[in-house]
Structure formats: C-alpha cells, structure tokens
file model.cif (mmCIF, C-alpha atoms)
data_upload
#
loop_
_atom_site.label_atom_id
_atom_site.label_comp_id
_atom_site.auth_asym_id
_atom_site.auth_seq_id
_atom_site.Cartn_x
_atom_site.Cartn_y
_atom_site.Cartn_z
CA MET M 1 0.00 0.00 0.00
CA SER M 2 1.32 3.48 -0.89
CA ARG M 3 2.51 5.91 1.81
CA PRO M 4 1.45 9.43 0.83
CA PHE M 5 1.39 10.55 4.49
CA LEU M 6 3.32 9.96 7.68
CA VAL M 7 2.35 6.78 9.51
CA LYS M 8 1.49 8.79 12.65
CA ASP M 9 -0.91 11.01 10.66
CA ILE M 10 -2.65 7.97 9.17
CA ALA M 11 -2.85 6.38 12.64
CA VAL M 12 -4.53 9.46 14.14
CA GLN M 13 -6.95 9.69 11.23
CA ALA M 14 -7.83 6.00 11.42
CA GLY M 15 -8.05 5.90 15.21
CA LEU M 16 -5.55 3.02 15.24
CA SER M 17 -2.10 2.46 16.71
CA ILE M 18 1.03 3.31 14.71
CA ALA M 19 2.05 -0.36 14.86
CA THR M 20 -1.28 -1.50 13.36
CA VAL M 21 -1.09 1.05 10.54
CA ASP M 22 2.50 0.02 9.84
CA ARG M 23 1.40 -3.62 9.53
CA VAL M 24 -1.30 -2.63 7.04
CA LEU M 25 0.99 -0.42 4.96
CA ASN M 26 3.62 -3.14 4.78
CA GLU M 27 0.96 -5.77 3.95
CA ARG M 28 1.96 -8.03 6.80
CA PRO M 29 -0.33 -11.00 7.53
CA GLY M 30 -2.78 -11.27 10.40
CA VAL M 31 -4.57 -7.94 9.90
CA ARG M 32 -8.37 -8.02 9.77
CA GLU M 33 -10.05 -6.86 6.58
CA HIS M 34 -12.08 -4.11 8.28
CA THR M 35 -8.82 -2.68 9.71
CA ILE M 36 -7.34 -2.56 6.21
CA ARG M 37 -10.48 -0.78 4.97
CA ARG M 38 -10.23 1.73 7.81
CA VAL M 39 -6.62 2.57 6.92
CA ARG M 40 -7.57 3.03 3.26
CA GLN M 41 -10.49 5.24 4.29
CA ALA M 42 -8.18 7.30 6.51
CA ILE M 43 -5.75 7.84 3.62
CA GLY M 44 -8.64 8.94 1.42
CA GLU M 45 -9.82 11.40 4.08
CA LEU M 46 -6.31 12.80 4.44
CA GLU M 47 -6.05 13.27 0.69
CA LYS M 48 -9.20 15.40 0.77
CA GLN M 49 -7.76 17.41 3.69
CA ARG M 50 -4.23 17.63 2.29
CA ASP M 51 -4.18 21.43 2.44
CA GLN M 52 -4.81 21.28 6.19
CA ILE M 53 -1.93 18.97 7.05
CA GLY M 54 0.92 21.33 6.23
CA LEU M 55 -0.53 24.33 8.05
CA SER M 56 0.95 25.50 11.34
CA GLY M 57 -1.18 25.96 14.42
CA ARG M 58 -2.86 23.94 17.12
CA LYS M 59 -4.22 20.75 15.56
CA PHE M 60 -7.64 19.36 16.49
CA VAL M 61 -9.11 16.03 15.43
CA LEU M 62 -12.85 16.35 14.90
CA ASP M 63 -15.16 13.33 14.69
CA ILE M 64 -18.41 13.56 12.75
CA VAL M 65 -20.89 10.85 13.70
CA MET M 66 -24.01 10.83 11.55
CA GLU M 67 -26.93 8.59 10.69
CA ALA M 68 -28.33 10.13 7.51
CA PRO M 69 -28.81 9.42 3.80
CA SER M 70 -25.50 9.63 1.94
CA ARG M 71 -26.65 12.62 -0.10
CA PHE M 72 -26.97 14.66 3.11
CA SER M 73 -23.82 13.29 4.75
CA GLU M 74 -21.84 14.25 1.66
CA ALA M 75 -23.28 17.77 1.79
CA VAL M 76 -22.15 18.00 5.44
CA ARG M 77 -18.67 16.77 4.49
CA GLN M 78 -18.40 19.39 1.76
CA GLY M 79 -19.63 22.12 4.10
CA LEU M 80 -17.09 21.19 6.76
CA GLU M 81 -14.16 20.95 4.35
CA GLN M 82 -15.18 24.32 2.93
CA ALA M 83 -15.14 25.84 6.44
CA MET M 84 -11.98 24.28 7.90
CA PRO M 85 -9.30 26.40 6.16
CA SER M 86 -10.81 29.60 7.58
CA LEU M 87 -10.56 28.49 11.22
CA GLN M 88 -6.91 29.26 11.92
CA PRO M 89 -4.99 29.26 14.21
CA VAL M 90 -6.70 25.92 14.93
CA ILE M 91 -6.13 23.32 12.23
CA PHE M 92 -9.04 20.87 12.10
CA ARG M 93 -8.78 17.39 10.68
CA ALA M 94 -11.99 15.42 10.33
CA ARG M 95 -12.74 11.75 10.84
CA TYR M 96 -16.07 10.60 9.41
CA HIS M 97 -18.36 7.96 10.88
CA PHE M 98 -21.28 7.95 8.44
CA ALA M 99 -24.08 5.44 7.88
CA GLU M 100 -27.45 5.69 6.17
CA THR M 101 -29.03 3.55 8.88
CA ARG M 102 -27.46 2.46 12.13
CA SER M 103 -28.72 0.72 15.25
CA VAL M 104 -28.67 2.61 18.52
CA GLY M 105 -26.18 0.05 19.81
CA ASP M 106 -23.78 0.75 16.95
CA THR M 107 -24.05 4.50 17.51
CA VAL M 108 -23.25 4.02 21.20
CA ALA M 109 -20.30 1.75 20.28
CA ILE M 110 -18.83 4.45 18.02
CA ILE M 111 -19.20 7.11 20.72
CA ASP M 112 -17.62 4.84 23.33
CA ALA M 113 -14.75 4.05 20.94
CA LEU M 114 -14.06 7.79 20.63
CA LEU M 115 -13.90 7.94 24.42
CA ARG M 116 -11.11 5.35 24.34
CA ARG M 117 -9.23 6.76 21.34
CA GLY M 118 -9.60 10.41 22.17
CA SER M 119 -11.02 13.30 20.20
CA ASN M 120 -10.98 17.09 20.36
CA GLY M 121 -14.66 17.34 19.55
CA VAL M 122 -17.63 15.43 18.15
CA LEU M 123 -20.31 16.66 15.75
CA LEU M 124 -23.29 14.38 16.24
CA LYS M 125 -26.49 13.61 14.34
CA ALA M 126 -28.15 10.78 16.21
CA PRO M 127 -31.47 9.77 17.78
CA ASP M 128 -32.49 11.39 21.05
CA VAL M 129 -32.82 8.16 23.04
CA THR M 130 -31.66 7.13 26.51
CA GLU M 131 -28.67 5.08 25.33
CA VAL M 132 -27.28 7.85 23.12
CA ARG M 133 -27.80 10.45 25.85
CA GLY M 134 -25.82 8.28 28.25
CA ALA M 135 -22.97 7.78 25.78
CA THR M 136 -22.72 11.48 25.00
CA ALA M 137 -22.72 12.31 28.71
CA ARG M 138 -19.72 10.00 29.12
CA LEU M 139 -17.83 11.91 26.43
CA VAL M 140 -18.69 15.25 27.98
CA ALA M 141 -17.55 14.02 31.41
CA ALA M 142 -14.20 13.12 29.83
CA GLY M 143 -13.79 16.68 28.52
CA ILE M 144 -14.74 15.98 24.88
CA PRO M 145 -17.22 18.61 23.65
CA ILE M 146 -20.22 17.55 21.57
CA VAL M 147 -22.13 19.73 19.12
CA THR M 148 -25.40 18.30 17.83
CA LEU M 149 -26.24 18.83 14.14
CA VAL M 150 -29.68 19.29 12.54
CA THR M 151 -31.40 17.33 15.30
CA ASP M 152 -30.79 18.08 18.97
CA ILE M 153 -30.16 15.94 22.05
CA PRO M 154 -30.69 18.62 24.70
CA GLU M 155 -30.42 16.46 27.85
CA SER M 156 -26.97 15.12 26.92
CA GLY M 157 -24.63 17.82 28.20
CA ARG M 158 -23.81 18.81 24.63
CA GLN M 159 -21.94 22.09 24.08
CA ALA M 160 -24.40 23.50 21.55
CA TYR M 161 -26.95 22.70 18.85
CA VAL M 162 -26.28 23.87 15.29
CA GLY M 163 -28.97 23.82 12.61
CA MET M 164 -32.26 25.42 11.76
CA ASP M 165 -35.14 26.06 14.13
CA ASN M 166 -37.02 22.89 13.24
CA ARG M 167 -40.37 23.94 14.65
CA ALA M 168 -40.24 27.20 12.67
CA ALA M 169 -39.29 25.21 9.56
CA GLY M 170 -42.42 23.10 9.95
CA GLU M 171 -44.55 26.21 10.41
CA THR M 172 -43.00 27.73 7.27
CA ALA M 173 -43.80 24.61 5.28
CA ALA M 174 -47.42 24.72 6.49
CA TYR M 175 -47.72 28.34 5.38
CA LEU M 176 -46.34 27.62 1.90
CA LEU M 177 -48.50 24.55 1.35
CA GLY M 178 -51.60 26.21 2.77
CA GLU M 179 -51.26 29.33 0.63
CA TRP M 180 -50.44 27.42 -2.57
CA LEU M 181 -53.03 24.65 -2.19
CA GLY M 182 -55.85 26.99 -1.27
CA PRO M 183 -58.69 26.36 1.17
CA GLY M 184 -59.13 22.64 0.50
CA PRO M 185 -60.44 20.22 1.48
CA ALA M 186 -57.40 18.05 0.75
CA HIS M 187 -54.72 16.02 2.46
CA ILE M 188 -50.98 16.57 2.60
CA LEU M 189 -48.54 13.67 2.70
CA VAL M 190 -45.95 14.22 5.46
CA THR M 191 -42.93 11.92 5.25
CA ILE M 192 -40.54 11.44 8.17
CA SER M 193 -37.35 9.41 7.97
CA SER M 194 -37.66 8.17 11.56
CA ASN M 195 -39.56 9.14 14.69
CA ARG M 196 -36.37 8.65 16.71
CA PHE M 197 -34.97 12.03 15.62
CA ARG M 198 -36.06 15.03 17.69
CA GLY M 199 -35.49 17.49 14.82
CA GLU M 200 -37.96 15.73 12.52
CA GLU M 201 -40.49 15.43 15.31
CA GLU M 202 -40.21 19.20 15.94
CA ARG M 203 -40.75 19.95 12.25
CA GLU M 204 -43.86 17.76 12.22
CA ILE M 205 -45.24 19.39 15.39
CA GLY M 206 -44.73 22.90 13.98
CA PHE M 207 -46.31 21.89 10.67
CA ARG M 208 -49.33 20.23 12.27
CA GLN M 209 -49.99 23.13 14.64
CA ALA M 210 -49.71 25.84 11.98
CA LEU M 211 -51.91 23.87 9.58
CA ARG M 212 -54.57 23.34 12.24
CA GLU M 213 -54.61 27.04 13.17
CA ARG M 214 -54.50 28.59 9.70
CA TYR M 215 -55.74 25.94 7.24
CA PRO M 216 -58.15 23.65 9.11
CA ALA M 217 -59.58 22.11 5.91
CA LEU M 218 -56.19 20.61 5.06
CA GLY M 219 -55.49 17.26 6.70
CA ILE M 220 -52.33 15.22 7.15
CA VAL M 221 -51.39 11.69 6.13
CA GLU M 222 -48.10 10.82 7.86
CA VAL M 223 -45.65 8.03 7.01
CA SER M 224 -42.34 7.32 8.72
CA GLU M 225 -39.42 4.91 9.07
CA GLY M 226 -38.33 5.16 5.42
CA HIS M 227 -34.98 6.51 6.73
CA GLY M 228 -34.83 8.97 3.82
CA LEU M 229 -33.90 6.12 1.48
CA ASP M 230 -35.58 6.11 -1.92
CA ARG M 231 -36.77 2.51 -1.99
CA ASN M 232 -38.27 2.47 1.49
CA THR M 233 -39.75 5.96 1.27
CA GLY M 234 -41.20 5.28 -2.16
CA MET M 235 -43.02 2.17 -0.95
CA LEU M 236 -44.50 4.05 2.01
CA ALA M 237 -45.60 6.95 -0.21
CA LEU M 238 -47.17 4.63 -2.76
CA ALA M 239 -49.23 2.88 -0.09
CA ALA M 240 -50.38 6.21 1.35
CA LEU M 241 -51.39 7.54 -2.07
CA ARG M 242 -53.40 4.42 -2.86
CA ALA M 243 -55.25 4.70 0.45
CA ASN M 244 -55.85 8.47 0.18
CA PRO M 245 -57.01 9.67 -3.26
CA ASP M 246 -57.29 13.30 -2.08
CA ILE M 247 -53.58 13.81 -1.26
CA ALA M 248 -52.68 16.99 -3.15
CA GLY M 249 -49.34 18.05 -1.67
CA VAL M 250 -46.24 16.82 0.12
CA TYR M 251 -44.12 18.03 3.01
CA SER M 252 -41.02 15.85 2.88
CA ILE M 253 -39.30 16.16 6.25
CA GLY M 254 -36.98 13.20 5.88
CA GLY M 255 -35.98 13.05 2.20
CA GLY M 256 -36.37 10.40 -0.49
CA ASN M 257 -38.06 13.03 -2.64
CA ARG M 258 -37.36 11.49 -6.04
CA ALA M 259 -39.08 8.27 -4.94
CA ILE M 260 -42.10 10.18 -3.60
CA ILE M 261 -42.52 11.96 -6.93
CA GLU M 262 -42.20 8.67 -8.79
CA ALA M 263 -44.95 7.23 -6.59
CA PHE M 264 -47.31 10.00 -7.75
CA ALA M 265 -46.32 9.41 -11.38
CA SER M 266 -46.83 5.64 -11.17
CA LEU M 267 -50.47 6.24 -10.20
CA GLY M 268 -51.02 8.99 -12.76
CA ARG M 269 -51.50 11.49 -9.92
CA THR M 270 -50.39 15.12 -9.76
CA CYS M 271 -48.62 16.62 -6.78
CA GLN M 272 -49.75 20.24 -6.73
CA VAL M 273 -47.23 21.50 -4.14
CA PHE M 274 -44.08 19.79 -2.87
CA ILE M 275 -41.92 21.23 -0.08
CA GLY M 276 -38.62 19.54 0.82
CA HIS M 277 -35.52 20.18 2.91
CA ASP M 278 -31.87 20.86 1.99
CA LEU M 279 -30.14 21.71 -1.27
CA ASP M 280 -28.57 18.33 -1.92
CA ALA M 281 -27.88 17.08 -5.44
CA ASP M 282 -31.27 15.33 -5.73
CA ASN M 283 -33.27 18.38 -4.70
CA LEU M 284 -31.30 20.68 -6.98
CA ALA M 285 -32.13 18.45 -9.94
CA LEU M 286 -35.79 18.26 -8.93
CA LEU M 287 -35.99 22.04 -8.57
CA ARG M 288 -34.41 22.45 -11.99
CA ASP M 289 -36.99 20.12 -13.53
CA GLY M 290 -39.90 21.84 -11.79
CA ARG M 291 -40.85 18.67 -9.92
CA ILE M 292 -40.69 20.22 -6.45
CA SER M 293 -41.99 23.65 -5.52
CA ALA M 294 -39.52 24.86 -2.89
CA VAL M 295 -36.78 23.70 -0.54
CA LEU M 296 -36.27 24.86 3.04
CA HIS M 297 -32.53 25.35 3.21
CA HIS M 298 -29.82 26.42 5.62
CA ASP M 299 -26.18 27.11 4.75
CA LEU M 300 -24.26 23.99 5.81
CA GLY M 301 -20.90 25.70 5.31
CA HIS M 302 -21.93 28.37 7.82
CA ASP M 303 -23.31 25.70 10.15
CA MET M 304 -20.07 23.71 10.07
CA ARG M 305 -18.00 26.81 10.77
CA ASN M 306 -20.32 27.62 13.67
CA ALA M 307 -20.00 24.07 15.02
CA CYS M 308 -16.19 24.21 14.89
CA MET M 309 -16.21 27.55 16.69
CA HIS M 310 -18.29 25.98 19.48
CA VAL M 311 -15.61 23.28 19.81
CA MET M 312 -12.94 26.00 20.01
CA ARG M 313 -14.95 27.81 22.71
CA ALA M 314 -15.19 24.60 24.70
CA HIS M 315 -11.39 24.41 24.70
CA GLY M 316 -11.08 28.05 25.81
CA LEU M 317 -9.70 29.27 22.48
CA LEU M 318 -12.57 31.69 21.83
CA PRO M 319 -14.62 33.75 24.27
CA LYS M 320 -18.00 32.39 25.23
CA SER M 321 -20.81 33.72 23.11
CA PRO M 322 -24.55 33.99 23.79
CA VAL M 323 -25.23 33.73 20.04
CA SER M 324 -27.66 30.94 19.15
CA GLY M 325 -26.60 28.17 16.80
CA MET M 326 -29.92 28.40 14.96
CA ALA M 327 -29.48 28.94 11.22
CA ASN M 328 -31.69 31.17 9.11
CA ILE M 329 -34.36 29.29 7.15
CA GLN M 330 -34.18 30.07 3.45
CA VAL M 331 -37.06 29.31 1.08
CA ILE M 332 -35.38 28.29 -2.17
CA THR M 333 -37.19 28.12 -5.51
CA PRO M 334 -35.66 27.63 -8.97
CA PHE M 335 -35.28 31.42 -9.15
CA ASN M 336 -33.20 32.16 -6.03
CA VAL M 337 -30.71 29.28 -5.74
CA PRO M 338 -27.57 30.58 -3.96
CA GLN M 339 -24.73 31.42 -6.33
CA ALA M 340 -22.46 28.91 -4.63
CA VAL M 341 -24.83 26.13 -5.73
CA GLN M 342 -25.35 25.33 -9.38
CA LEU M 343 -28.67 24.18 -10.83
#

call {"tool": "encode", "arguments": {"input": "model.cif", "output": "structure tokens"}}
result
Amino acid sequence: MSRPFLVKDIAVQAGLSIATVDRVLNERPGVREHTIRRVRQAIGELEKQRDQIGLSGRKFVLDIVMEAPSRFSEAVRQGLEQAMPSLQPVIFRARYHFAETRSVGDTVAIIDALLRRGSNGVLLKAPDVTEVRGATARLVAAGIPIVTLVTDIPESGRQAYVGMDNRAAGETAAYLLGEWLGPGPAHILVTISSNRFRGEEEREIGFRQALRERYPALGIVEVSEGHGLDRNTGMLALAALRANPDIAGVYSIGGGNRAIIEAFASLGRTCQVFIGHDLDADNLALLRDGRISAVLHHDLGHDMRNACMHVMRAHGLLPKSPVSGMANIQVITPFNVPQAVQL
C-alpha cells in the first residue's frame, strides 16, 4: 500500500495504533479486513484534507458521527471541508463515521470508541434516546465537547446545537402549502425518515400546529421509518397515495423526494405543491426540472464553521458567546438558488 502521508498522521486519522497502521501499509499477515479498509479510508480522508496537514497551528481532530442518507452526509462533508481552512490558528482534521441507517447500539459503540481513542470534539447527528444520551454524557464528562447537528439531544450535556429552528421550519412549510393549495379540502402527505430524531419530530409538530390554526380544511397523512432512502420511502408513499385519493401536496421532512414523486407518477397522480428540505444534489435536480416547488434550506458551510467555533470555545480558544446556533431558514425556488450552488 502506498505511503502518501506519515504513519502517525494515518494512525490518528484511522483511530488506530502506529504499529497497526505500519502492519497494514507493509501488507503483513494477520490484519483483519475491516482494519485494512479503515486505513484506506483514513488515507482517502487525508487526501481530501491535504491542504490542512501542512498548516501550522494547534491541531484538532474532529469526529463527525451521523446517521443520515448519503446525499446529506456528503453535503455536510463538503460544508465542513469548505469551512476548515478559515478556522486558523486551529487546524481541524476530520474523521467521518457515516451510515445511512445504524442501530442505537452501533451508535453508542462508536461514541464509546471515541472515548477510548480520544477526540478534540464530536459533531453528532443521532437519535435522542436514553442510550445515546448516556454515551454522549460519558464523552462530555471526559472533557470531549459535543455539538449536535440538525437534530438536537438537549439532555446530553452537549456544548451546543447547530442547525435550523425545526419547529419554525415546519410552520413555514405549512404556510407555503396552505397558501399554494388553497382552502381545501385536501390532504398533505408528510414523510418522516424516523420518529427517533427530535429534529424531525419538531418539524412535524410545527407543521401540524400551523396547519390546524390557519388551514383547518387541510389534513395530514403521515408516514415514517423510510430513513430517507428512496426505496423504502417510495413504498410508504405509494401505499399512502393508494389509500388516500385526495392527497394533493407533500411536506417531505426526511428526504427520499425522487421516490415520492415517482410514486405520484406511477399512479397517474399530480402533486400540486411539494416542499422539501436541503439543497442536496437530488433536490437541486428536482428544482431544476420543476418537480418540487420549494426547498427549506440552511447554509451547511456556515453551520459547520459555527459548530467548529463551538468546539474551540469549549477548549477556551474563543470567548463564550450567547449567540444561538440556529441557522436562518431560506425558502429556495428555482429562481433564487444561492450562487455557490449550481442548478
């Protein structure tokens, strides 16, 4: 295996010992396959962060633990790598622990492994459940700051939450759908990736309350546990559409938007208004084609910079700030896509 970086740098990135990495690089026998894959992944991550390695300053290793569809995880990765060079004198290097679906036990195992290996900070998108709260509290007790992303875990001792105001996002979606659909009667399909995530629950609560107060003739058909994955979400949407012929719009909280639209098409049905979240590659293409109406967006590059600054504050490198981590909610249509994003 090639050696584009120092063994100690690869070892830190992989969360392995120098001796183990040396065995992998020299292709010695007796190394487990998943260890070899982890070393290769670490080298790939270092290649993407090559510009960071040669910089001078205090070096922090940041771990990003996320359960999310790959399209969103990749957008987070890009946002973080866009933000990192501007954070001097601290030089951040990121280790990624991404999965589209993950059991609570596996999430806890990753967090506990970081407790053993060490980390300068953890950015976390995970379910707000007892086991995860306990694992995060153990990290915090060991002096490792945690910043929650997109979905909060408030009773965990985390340093801060970074992301949009999810309840306000749901209320905004209700306003857009209510104004565009008109007085009704009709139903709106609300899709949630999983009820385990507090952020999605808050969006649904805000949506339901605003719809009830302002547009009482519009009802809700909710489906969940598609995990934002196209196949699963598409099957749930198709079943809901067959059972509810008056569904006229969609509020997609958890993603899988292409599959939802294909479910409408397969039944020869029209979706009059479709509101989604996040300017990932799928949603950009759907906006371009006029297949979704609007996307509720927040600047992930800004969020990642904000998250890193919270980690720096936790280490005493920046003064404490009362500023909220809540991001501004942007309503994006095909006509106001940010210049940094190409349709």

call {"tool": "residues_around", "arguments": {"input": "model.cif", "residues": "region 92-106 of chain M", "least_positions_apart": "5", "cutoff": "9 Å", "atoms": "all atoms listed in the file", "output": "JSON, numbers by chain"}}
result
{"M": [13, 14, 15, 42, 45, 46, 49, 52, 53, 58, 59, 60, 61, 62, 63, 64, 65, 66, 67, 68, 69, 70, 73, 77, 80, 81, 84, 85, 87, 111, 126, 127, 129, 131, 132, 227, 228, 229, 308]}

call {"tool": "closest_residue", "arguments": {"input": "model.cif", "among": "M:Val221, M:Met304, M:Leu16, M:Val190", "to": "Val250 (chain M)", "atoms": "all atoms listed in the file"}}
result
M:Val190

call {"tool": "resolve_selection", "arguments": {"input": "model.cif", "expression": "the PyMOL selection byres ((chain M and resi 201) around 12)", "output": "MDAnalysis selection string"}}
result
chainID M and resid 127:128 150:152 165:167 169:170 190:200 202:208 222 224 253:254

call {"tool": "atom_distance", "arguments": {"input": "model.cif", "atom1": "CA of Ile144 (chain M)", "atom2": "CA of Val311 (chain M)"}}
result
8.9 Å

call {"tool": "residues_around", "arguments": {"input": "model.cif", "residues": "region 174-187 of chain M", "least_positions_apart": "4", "cutoff": "12 Å", "atoms": "all atoms listed in the file", "output": "ChimeraX atom specification"}}
result
/M:167-170,203-222,240-241,243-253,271-276,292-296,331-333

call {"tool": "write_last_selection", "arguments": {"input": "model.cif", "atoms": "C-alpha atoms", "output": "mmCIF file, in the coordinates of the input"}}
result
data_model
loop_
_atom_site.group_PDB
_atom_site.id
_atom_site.type_symbol
_atom_site.label_atom_id
_atom_site.label_comp_id
_atom_site.auth_asym_id
_atom_site.auth_seq_id
_atom_site.Cartn_x
_atom_site.Cartn_y
_atom_site.Cartn_z
ATOM 1 C CA ARG M 167 -40.370 23.940 14.650
ATOM 2 C CA ALA M 168 -40.240 27.200 12.670
ATOM 3 C CA ALA M 169 -39.290 25.210 9.560
ATOM 4 C CA GLY M 170 -42.420 23.100 9.950
ATOM 5 C CA ARG M 203 -40.750 19.950 12.250
ATOM 6 C CA GLU M 204 -43.860 17.760 12.220
ATOM 7 C CA ILE M 205 -45.240 19.390 15.390
ATOM 8 C CA GLY M 206 -44.730 22.900 13.980
ATOM 9 C CA PHE M 207 -46.310 21.890 10.670
ATOM 10 C CA ARG M 208 -49.330 20.230 12.270
ATOM 11 C CA GLN M 209 -49.990 23.130 14.640
ATOM 12 C CA ALA M 210 -49.710 25.840 11.980
ATOM 13 C CA LEU M 211 -51.910 23.870 9.580
ATOM 14 C CA ARG M 212 -54.570 23.340 12.240
ATOM 15 C CA GLU M 213 -54.610 27.040 13.170
ATOM 16 C CA ARG M 214 -54.500 28.590 9.700
ATOM 17 C CA TYR M 215 -55.740 25.940 7.240
ATOM 18 C CA PRO M 216 -58.150 23.650 9.110
ATOM 19 C CA ALA M 217 -59.580 22.110 5.910
ATOM 20 C CA LEU M 218 -56.190 20.610 5.060
ATOM 21 C CA GLY M 219 -55.490 17.260 6.700
ATOM 22 C CA ILE M 220 -52.330 15.220 7.150
ATOM 23 C CA VAL M 221 -51.390 11.690 6.130
ATOM 24 C CA GLU M 222 -48.100 10.820 7.860
ATOM 25 C CA ALA M 240 -50.380 6.210 1.350
ATOM 26 C CA LEU M 241 -51.390 7.540 -2.070
ATOM 27 C CA ALA M 243 -55.250 4.700 0.450
ATOM 28 C CA ASN M 244 -55.850 8.470 0.180
ATOM 29 C CA PRO M 245 -57.010 9.670 -3.260
ATOM 30 C CA ASP M 246 -57.290 13.300 -2.080
ATOM 31 C CA ILE M 247 -53.580 13.810 -1.260
ATOM 32 C CA ALA M 248 -52.680 16.990 -3.150
ATOM 33 C CA GLY M 249 -49.340 18.050 -1.670
ATOM 34 C CA VAL M 250 -46.240 16.820 0.120
ATOM 35 C CA TYR M 251 -44.120 18.030 3.010
ATOM 36 C CA SER M 252 -41.020 15.850 2.880
ATOM 37 C CA ILE M 253 -39.300 16.160 6.250
ATOM 38 C CA CYS M 271 -48.620 16.620 -6.780
ATOM 39 C CA GLN M 272 -49.750 20.240 -6.730
ATOM 40 C CA VAL M 273 -47.230 21.500 -4.140
ATOM 41 C CA PHE M 274 -44.080 19.790 -2.870
ATOM 42 C CA ILE M 275 -41.920 21.230 -0.080
ATOM 43 C CA GLY M 276 -38.620 19.540 0.820
ATOM 44 C CA ILE M 292 -40.690 20.220 -6.450
ATOM 45 C CA SER M 293 -41.990 23.650 -5.520
ATOM 46 C CA ALA M 294 -39.520 24.860 -2.890
ATOM 47 C CA VAL M 295 -36.780 23.700 -0.540
ATOM 48 C CA LEU M 296 -36.270 24.860 3.040
ATOM 49 C CA VAL M 331 -37.060 29.310 1.080
ATOM 50 C CA ILE M 332 -35.380 28.290 -2.170
ATOM 51 C CA THR M 333 -37.190 28.120 -5.510
#

call {"tool": "closest_residue", "arguments": {"input": "model.cif", "among": "M:Gly163, M:Gly301, M:Pro145, M:Pro154", "to": "Gln78 (chain M)", "atoms": "only C-alpha atoms"}}
result
M:Gly301

call {"tool": "residues_around", "arguments": {"input": "model.cif", "residues": "region 134-138 of chain M", "least_positions_apart": "6", "cutoff": "8 Å", "atoms": "all atoms listed in the file", "output": "list in words"}}
result
Val108, Ile111, Asp112, Leu115, Ile146, Ser156, Gly157 and Arg158 of chain M

call {"tool": "axis_aligned_box", "arguments": {"input": "model.cif", "around": "region 25-42 of chain M", "padding_each_side": "3 Å", "output": "AutoDock Vina command-line options"}}
result
--center_x -4.2 --center_y -2.0 --center_z 6.8 --size_x 21.7 --size_y 24.6 --size_z 13.1

call {"tool": "atom_distance", "arguments": {"input": "model.cif", "atom1": "CA of Val90 (chain M)", "atom2": "CA of Ile10 (chain M)"}}
result
19.3 Å

call {"tool": "atom_distance", "arguments": {"input": "model.cif", "atom1": "CA of Val223 (chain M)", "atom2": "CA of Ile260 (chain M)"}}
result
11.4 Å

call {"tool": "closest_residue", "arguments": {"input": "model.cif", "among": "M:Lys320, M:His34, M:Arg242, M:His310", "to": "Leu123 (chain M)", "atoms": "all atoms listed in the file"}}
result
M:His310

call {"tool": "residues_near_point", "arguments": {"input": "model.cif", "point": "(-31.8, 15.7, -3.9)", "cutoff": "9 Å", "atoms": "only C-alpha atoms", "output": "PDB file with C-alpha atoms, in the coordinates of the input"}}
result
ATOM      1  CA  ARG M  71     -26.650  12.620  -0.100  1.00  0.00           C
ATOM      2  CA  PHE M  72     -26.970  14.660   3.110  1.00  0.00           C
ATOM      3  CA  GLY M 255     -35.980  13.050   2.200  1.00  0.00           C
ATOM      4  CA  GLY M 256     -36.370  10.400  -0.490  1.00  0.00           C
ATOM      5  CA  ASN M 257     -38.060  13.030  -2.640  1.00  0.00           C
ATOM      6  CA  ARG M 258     -37.360  11.490  -6.040  1.00  0.00           C
ATOM      7  CA  HIS M 277     -35.520  20.180   2.910  1.00  0.00           C
ATOM      8  CA  ASP M 278     -31.870  20.860   1.990  1.00  0.00           C
ATOM      9  CA  LEU M 279     -30.140  21.710  -1.270  1.00  0.00           C
ATOM     10  CA  ASP M 280     -28.570  18.330  -1.920  1.00  0.00           C
ATOM     11  CA  ALA M 281     -27.880  17.080  -5.440  1.00  0.00           C
ATOM     12  CA  ASP M 282     -31.270  15.330  -5.730  1.00  0.00           C
ATOM     13  CA  ASN M 283     -33.270  18.380  -4.700  1.00  0.00           C
ATOM     14  CA  LEU M 284     -31.300  20.680  -6.980  1.00  0.00           C
ATOM     15  CA  ALA M 285     -32.130  18.450  -9.940  1.00  0.00           C
ATOM     16  CA  LEU M 286     -35.790  18.260  -8.930  1.00  0.00           C
ATOM     17  CA  LEU M 287     -35.990  22.040  -8.570  1.00  0.00           C
TER      18      LEU M 287
END

call {"tool": "build_atoms", "arguments": {"input": "model.cif", "residues": "region 160-172 of chain M", "atoms": "N, CA and C atoms", "output": "mmCIF file, in the frame of the given file"}}
result
data_model
loop_
_atom_site.group_PDB
_atom_site.id
_atom_site.type_symbol
_atom_site.label_atom_id
_atom_site.label_comp_id
_atom_site.auth_asym_id
_atom_site.auth_seq_id
_atom_site.Cartn_x
_atom_site.Cartn_y
_atom_site.Cartn_z
ATOM 1 N N ALA M 160 -23.501 22.625 22.298
ATOM 2 C CA ALA M 160 -24.400 23.500 21.550
ATOM 3 C C ALA M 160 -25.151 22.670 20.519
ATOM 4 N N TYR M 161 -26.226 23.244 20.010
ATOM 5 C CA TYR M 161 -26.950 22.700 18.850
ATOM 6 C C TYR M 161 -26.726 23.643 17.687
ATOM 7 N N VAL M 162 -26.451 23.079 16.507
ATOM 8 C CA VAL M 162 -26.280 23.870 15.290
ATOM 9 C C VAL M 162 -27.217 23.328 14.229
ATOM 10 N N GLY M 163 -28.003 24.207 13.644
ATOM 11 C CA GLY M 163 -28.970 23.820 12.610
ATOM 12 C C GLY M 163 -30.115 24.804 12.628
ATOM 13 N N MET M 164 -31.119 24.515 11.818
ATOM 14 C CA MET M 164 -32.260 25.420 11.760
ATOM 15 C C MET M 164 -33.189 25.206 12.940
ATOM 16 N N ASP M 165 -34.064 26.186 13.162
ATOM 17 C CA ASP M 165 -35.140 26.060 14.130
ATOM 18 C C ASP M 165 -36.181 25.135 13.494
ATOM 19 N N ASN M 166 -36.213 23.888 13.925
ATOM 20 C CA ASN M 166 -37.020 22.890 13.240
ATOM 21 C C ASN M 166 -38.516 23.144 13.362
ATOM 22 N N ARG M 167 -38.943 23.633 14.506
ATOM 23 C CA ARG M 167 -40.370 23.940 14.650
ATOM 24 C C ARG M 167 -40.781 25.070 13.691
ATOM 25 N N ALA M 168 -39.943 26.102 13.596
ATOM 26 C CA ALA M 168 -40.240 27.200 12.670
ATOM 27 C C ALA M 168 -40.211 26.728 11.222
ATOM 28 N N ALA M 169 -39.332 25.763 10.914
ATOM 29 C CA ALA M 169 -39.290 25.210 9.560
ATOM 30 C C ALA M 169 -40.611 24.523 9.226
ATOM 31 N N GLY M 170 -41.141 23.746 10.175
ATOM 32 C CA GLY M 170 -42.420 23.100 9.950
ATOM 33 C C GLY M 170 -43.550 24.102 9.759
ATOM 34 N N GLU M 171 -43.536 25.165 10.543
ATOM 35 C CA GLU M 171 -44.550 26.210 10.410
ATOM 36 C C GLU M 171 -44.443 26.894 9.044
ATOM 37 N N THR M 172 -43.205 27.113 8.584
ATOM 38 C CA THR M 172 -43.000 27.730 7.270
ATOM 39 C C THR M 172 -43.538 26.837 6.165
#
